[in-house]
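The next block holds one structure in the form of structure tokens; read it before the comments.
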Amino acid sequence: MSWKRRHLLDIQSLTKSEILAVLDAASVFKQVGQRSIKKVPALRGKTVVNLFVEPSTRTRVSFELAAQRLTADIVNLSTEASSFKKGETLKDTVKNLEALTADIIIIRHRSAGAAHFLSRFTQASMINAGDGAHSHPTQALLDLYTMREKKGDLAGQKVTILGDILFSRVARSNIWGLRKLGAEVTLCGPPTLVPKSFESMGCRVTYDMKEALADADIVNLLRIQHERQQRSMFPSLGEYSRFFGLNKERMDWIRPDALIMHPGPVNRGVEIDSDIADGERSVILEQVTNGLAVRMAVLFLVNGGQHPQELPSAAEETSQG
Ligand code: CP
């Protein structure tokens, strides 16, 4: 096991073997999720806090379920009901969570660098659940897991990421992870949302949908991140959909065995038509399911876990104890 980190802050700083360590551990935890009793006692006695300062469905709920399946105590802190409202700083909030014996703090925040900043002040493990347009490491890891599960070794696989790349932490994290695992990455979307500067990350940039889709093994779609755009980056959603939406006609440009992925939330009829999002080539909900196993793996590893395949089930431990 090549994982020795206390925090998970981004994908950029991970080595290929660390990424593979998470994916391999996630395979073990996915099997745990298929048992009748889906729990293991890996984090018994540990306290995990979900600190989400930005909205979330998938990431927050799957971290909560992941912690429960590892037998940790989990607390969800909503900013609406916390002392943020009274002017408490993020640093003071984290120091107080630590004083309340939090072992692992999962943070989502609108500001890039929030998790990195807080990791300097706490003894708890810090997990970045998305910081501005910077990084969303567990989303990238679950995307890589899903791609590898469906397509095998990612070296040489052609992955097209389509949509709002500029404002997307998912795009940046996927690009880092895919490049480290040897995949070839193409980016496509309106020029205002896909600057040529992304070529410096080792990607091909094209504004021609046919070219972007033609040889892809995997197509990963992104929604427009309105919440991070200070001004309009294209004339209208209708126009975006007309030129860059994945519809029936454009599906004919994609190889029949190519995977269709999306991190969610999906804006149906904008970046993807409903029939395609719900179609047999879409793995969107499998990504969500895999996110649970990947987040169990991340919680296990940042807590110092080794050899997940040797964990007893919660039921076995109870019967022996
Ligand atoms: N993909 C993703 O991060 O979804 P949520 O915002 O619902 O967590």
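Residue names in the structure tokens use chain letters A, B, ... in the order shown, residue numbers from 1 in each chain, and ligand numbers from 1 in the order shown.
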Exercise for review: Counting only C-alpha atoms and all ligand atoms, name the residues that have an atom within 9 Å of an atom of ligand 1; the answer should be given as a ChimeraX atom specification.
Suggested key: /A:54-62,108,129-130,136,138-139,170,262-265,288
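Residues lying within 10 Å of Gln123 of chain A, counting only C-alpha atoms and ignoring same-chain neighbours fewer than 5 positions away, are Arg6, Lys95, Glu98, Thr101, Ala102, Asp103 and Ile104 of chain A.
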Generate the output file for the selected residues, C-alpha atoms, as a PDB file, in the first residue's frame.
```pdb
ATOM      1  CA  ARG A   6      -2.986  12.381   6.272  1.00  0.00           C
ATOM      2  CA  LYS A  95     -10.259  24.672  15.457  1.00  0.00           C
ATOM      3  CA  GLU A  98     -10.943  19.778  16.392  1.00  0.00           C
ATOM      4  CA  THR A 101     -12.432  15.642  18.750  1.00  0.00           C
ATOM      5  CA  ALA A 102     -13.052  15.584  14.990  1.00  0.00           C
ATOM      6  CA  ASP A 103     -10.585  13.120  13.438  1.00  0.00           C
ATOM      7  CA  ILE A 104     -11.468  13.811   9.805  1.00  0.00           C
TER       8      ILE A 104
END
```
Practice item. Extract the full set of strand (DSSP E or B) residues from segment 90-246 of chain A according to DSSP on the backbone, and format it as a VMD selection string. Key: chain A and resid 104 to 109 125 to 131 135 158 to 162 184 to 188 204 to 206 218 to 221 246
Check your understanding: With only C-alpha atoms as the basis for distance, which of A:Ser36, A:Gln287, A:Ser119, A:Ser78 is at the shortest distance from Leu259 of chain A?
Key -> A:Gln287
Exercise for review: Fewer than 5 positions away in the same chain doesn't count, so skip those; otherwise give me all residues within 12 Å of Phe117 of chain A, counting only C-alpha atoms, as a ChimeraX atom specification.
Suggested key: /A:7,9,90-91,94,107,109,111-112,122,126-128,131
How about saving the chosen residues, all heavy atoms kept, as a JSON list (two decimals), in the first residue's frame?
```json
[["chain", "number", "residue", "atom", "x", "y", "z"],
["A", 7, "HIS", "N", -3.90, 13.92, 4.60],
["A", 7, "HIS", "CA", -4.95, 14.72, 3.96],
["A", 7, "HIS", "C", -5.14, 14.28, 2.51],
["A", 7, "HIS", "O", -4.21, 13.75, 1.90],
["A", 7, "HIS", "CB", -4.55, 16.21, 3.92],
["A", 7, "HIS", "CG", -4.13, 16.78, 5.23],
["A", 7, "HIS", "ND1", -4.97, 16.88, 6.31],
["A", 7, "HIS", "CD2", -2.93, 17.30, 5.64],
["A", 7, "HIS", "CE1", -4.33, 17.44, 7.33],
["A", 7, "HIS", "NE2", -3.08, 17.70, 6.94],
["A", 9, "LEU", "N", -6.04, 16.65, -0.56],
["A", 9, "LEU", "CA", -6.31, 18.06, -0.87],
["A", 9, "LEU", "C", -6.52, 18.30, -2.36],
["A", 9, "LEU", "O", -7.20, 19.25, -2.75],
["A", 9, "LEU", "CB", -5.16, 18.94, -0.35],
["A", 9, "LEU", "CG", -4.90, 18.80, 1.16],
["A", 9, "LEU", "CD1", -3.69, 19.62, 1.57],
["A", 9, "LEU", "CD2", -6.13, 19.21, 1.97],
["A", 90, "LEU", "N", -13.67, 30.63, 9.21],
["A", 90, "LEU", "CA", -13.54, 29.21, 8.85],
["A", 90, "LEU", "C", -12.47, 28.55, 9.71],
["A", 90, "LEU", "O", -12.63, 27.42, 10.19],
["A", 90, "LEU", "CB", -13.17, 29.13, 7.36],
["A", 90, "LEU", "CG", -13.34, 27.81, 6.65],
["A", 90, "LEU", "CD1", -14.77, 27.29, 6.77],
["A", 90, "LEU", "CD2", -12.96, 27.96, 5.18],
["A", 91, "LYS", "N", -11.37, 29.26, 9.93],
["A", 91, "LYS", "CA", -10.27, 28.70, 10.74],
["A", 91, "LYS", "C", -10.75, 28.42, 12.17],
["A", 91, "LYS", "O", -10.49, 27.34, 12.73],
["A", 91, "LYS", "CB", -9.09, 29.68, 10.75],
["A", 91, "LYS", "CG", -7.91, 29.19, 11.55],
["A", 91, "LYS", "CD", -6.79, 30.21, 11.52],
["A", 91, "LYS", "CE", -5.75, 29.89, 12.58],
["A", 91, "LYS", "NZ", -4.73, 30.93, 12.69],
["A", 94, "VAL", "N", -12.97, 25.37, 12.27],
["A", 94, "VAL", "CA", -12.21, 24.11, 12.20],
["A", 94, "VAL", "C", -11.49, 23.85, 13.52],
["A", 94, "VAL", "O", -11.46, 22.70, 14.01],
["A", 94, "VAL", "CB", -11.24, 24.14, 11.00],
["A", 94, "VAL", "CG1", -10.18, 23.06, 11.11],
["A", 94, "VAL", "CG2", -12.05, 23.97, 9.71],
["A", 107, "ILE", "N", -14.35, 19.16, 3.73],
["A", 107, "ILE", "CA", -14.80, 20.52, 3.48],
["A", 107, "ILE", "C", -15.08, 20.79, 2.01],
["A", 107, "ILE", "O", -14.31, 20.40, 1.14],
["A", 107, "ILE", "CB", -13.80, 21.58, 4.01],
["A", 107, "ILE", "CG1", -14.31, 22.99, 3.69],
["A", 107, "ILE", "CG2", -12.40, 21.37, 3.45],
["A", 107, "ILE", "CD1", -13.87, 24.05, 4.61],
["A", 109, "HIS", "N", -15.98, 24.27, -0.21],
["A", 109, "HIS", "CA", -15.98, 25.73, -0.04],
["A", 109, "HIS", "C", -15.85, 26.39, -1.41],
["A", 109, "HIS", "O", -15.23, 25.84, -2.31],
["A", 109, "HIS", "CB", -14.79, 26.14, 0.86],
["A", 109, "HIS", "CG", -14.95, 27.50, 1.44],
["A", 109, "HIS", "ND1", -14.61, 28.65, 0.75],
["A", 109, "HIS", "CD2", -15.39, 27.91, 2.65],
["A", 109, "HIS", "CE1", -14.85, 29.70, 1.52],
["A", 109, "HIS", "NE2", -15.33, 29.28, 2.68],
["A", 111, "SER", "N", -14.12, 28.93, -2.19],
["A", 111, "SER", "CA", -12.81, 29.53, -2.44],
["A", 111, "SER", "C", -11.76, 28.46, -2.72],
["A", 111, "SER", "O", -11.57, 27.53, -1.93],
["A", 111, "SER", "CB", -12.34, 30.35, -1.23],
["A", 111, "SER", "OG", -13.25, 31.38, -0.98],
["A", 112, "ALA", "N", -11.05, 28.63, -3.84],
["A", 112, "ALA", "CA", -9.94, 27.73, -4.16],
["A", 112, "ALA", "C", -8.89, 27.84, -3.06],
["A", 112, "ALA", "O", -8.58, 28.94, -2.59],
["A", 112, "ALA", "CB", -9.33, 28.12, -5.50],
["A", 122, "THR", "N", -4.70, 22.28, 11.56],
["A", 122, "THR", "CA", -5.46, 21.26, 12.29],
["A", 122, "THR", "C", -4.71, 19.93, 12.35],
["A", 122, "THR", "O", -3.98, 19.58, 11.43],
["A", 122, "THR", "CB", -6.86, 21.06, 11.64],
["A", 122, "THR", "OG1", -7.54, 20.01, 12.34],
["A", 122, "THR", "CG2", -6.78, 20.70, 10.17],
["A", 126, "MET", "N", -7.77, 16.39, 6.66],
["A", 126, "MET", "CA", -8.64, 17.29, 5.89],
["A", 126, "MET", "C", -8.85, 16.68, 4.51],
["A", 126, "MET", "O", -7.89, 16.28, 3.84],
["A", 126, "MET", "CB", -7.91, 18.64, 5.78],
["A", 126, "MET", "CG", -8.70, 19.77, 5.19],
["A", 126, "MET", "SD", -10.11, 20.28, 6.18],
["A", 126, "MET", "CE", -9.32, 20.85, 7.67],
["A", 127, "ILE", "N", -10.11, 16.58, 4.11],
["A", 127, "ILE", "CA", -10.45, 16.07, 2.77],
["A", 127, "ILE", "C", -11.16, 17.19, 2.00],
["A", 127, "ILE", "O", -12.15, 17.75, 2.49],
["A", 127, "ILE", "CB", -11.35, 14.82, 2.85],
["A", 127, "ILE", "CG1", -10.61, 13.69, 3.58],
["A", 127, "ILE", "CG2", -11.77, 14.38, 1.44],
["A", 127, "ILE", "CD1", -11.45, 12.44, 3.78],
["A", 128, "ASN", "N", -10.64, 17.48, 0.83],
["A", 128, "ASN", "CA", -11.24, 18.51, -0.02],
["A", 128, "ASN", "C", -12.40, 17.91, -0.80],
["A", 128, "ASN", "O", -12.22, 17.02, -1.63],
["A", 128, "ASN", "CB", -10.16, 19.03, -0.99],
["A", 128, "ASN", "CG", -10.66, 20.15, -1.87],
["A", 128, "ASN", "OD1", -11.81, 20.56, -1.78],
["A", 128, "ASN", "ND2", -9.77, 20.66, -2.73],
["A", 131, "ASP", "N", -13.22, 22.80, -3.99],
["A", 131, "ASP", "CA", -12.88, 24.18, -3.60],
["A", 131, "ASP", "C", -12.84, 25.06, -4.85],
["A", 131, "ASP", "O", -11.94, 24.99, -5.67],
["A", 131, "ASP", "CB", -11.55, 24.24, -2.83],
["A", 131, "ASP", "CG", -10.35, 23.72, -3.61],
["A", 131, "ASP", "OD1", -10.53, 22.85, -4.49],
["A", 131, "ASP", "OD2", -9.23, 24.19, -3.34]]
```
Check your understanding: Hey, what's within 12 Å of Arg242 of chain A if we count only C-alpha atoms and toss same-chain stuff fewer than 4 positions away? As a ChimeraX atom specification, please?
Key -> /A:189-190,209,234-238,246-250,269-273
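Between Ala293 of chain A and the candidates A:Val194, A:Leu43, A:Val22, A:Ile218, the tightest atom-to-atom separation, counting only C-alpha atoms, involves A:Val22.
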Practice item. Would you mind telling me which residue in A:His116, A:His134, A:Lys210, A:Arg169 lies nearest to Leu8 of chain A when using only C-alpha atoms? Key: A:His116
**Study point:** Which of segment 59-181 of chain A fall in helix (DSSP H, G or I), as a PyMOL selection string
**Key:** chain A and resi 59-69+79-81+83-86+90-99+114-119+137-151+169-180
Could you list, with a cut-off of 10 Å and counting only C-alpha atoms, the residues of segment 76-181 of chain A near segment 274-286 of chain A, each shown with its nearest atom pair and the distance in Å rounded to one decimal, rows sorted by chain and ascending number, as a tab-separated table?
```
residue	atom	partner	partner_atom	distance
A:Leu142	CA	A:Glu286	CA	9.7
A:Asp143	CA	A:Ile284	CA	9.7
A:Thr146	CA	A:Glu286	CA	7.4
A:Met147	CA	A:Val283	CA	9.4
A:Lys150	CA	A:Val283	CA	9.4
```
Keeping only all heavy atoms, write those residues as a tab-separated table (two decimals), in the first residue's frame.
```tsv
chain	number	residue	atom	x	y	z
A	142	LEU	N	-13.48	8.92	-8.35
A	142	LEU	CA	-14.60	8.04	-8.68
A	142	LEU	C	-14.79	7.97	-10.20
A	142	LEU	O	-15.21	6.93	-10.73
A	142	LEU	CB	-15.88	8.46	-7.94
A	142	LEU	CG	-16.66	9.69	-8.41
A	142	LEU	CD1	-17.69	9.32	-9.46
A	142	LEU	CD2	-17.37	10.32	-7.21
A	143	ASP	N	-14.47	9.04	-10.90
A	143	ASP	CA	-14.54	9.00	-12.37
A	143	ASP	C	-13.48	8.03	-12.90
A	143	ASP	O	-13.76	7.20	-13.77
A	143	ASP	CB	-14.33	10.40	-12.96
A	143	ASP	CG	-15.50	11.34	-12.69
A	143	ASP	OD1	-16.60	10.84	-12.37
A	143	ASP	OD2	-15.33	12.56	-12.80
A	146	THR	N	-14.54	4.47	-12.25
A	146	THR	CA	-15.60	4.01	-13.17
A	146	THR	C	-15.01	3.73	-14.55
A	146	THR	O	-15.33	2.72	-15.18
A	146	THR	CB	-16.71	5.08	-13.26
A	146	THR	OG1	-17.16	5.39	-11.93
A	146	THR	CG2	-17.88	4.60	-14.09
A	147	MET	N	-14.13	4.60	-15.01
A	147	MET	CA	-13.50	4.40	-16.32
A	147	MET	C	-12.68	3.10	-16.33
A	147	MET	O	-12.76	2.30	-17.26
A	147	MET	CB	-12.57	5.58	-16.65
A	147	MET	CG	-13.28	6.89	-16.89
A	147	MET	SD	-12.06	8.20	-17.21
A	147	MET	CE	-13.05	9.66	-16.89
A	150	LYS	N	-14.80	-0.05	-16.30
A	150	LYS	CA	-15.48	-0.33	-17.57
A	150	LYS	C	-14.52	-0.60	-18.71
A	150	LYS	O	-14.84	-1.35	-19.63
A	150	LYS	CB	-16.36	0.87	-17.96
A	150	LYS	CG	-17.48	1.17	-16.98
A	150	LYS	CD	-18.59	0.16	-17.16
A	150	LYS	CE	-19.71	0.40	-16.16
A	150	LYS	NZ	-20.69	-0.69	-16.19
```
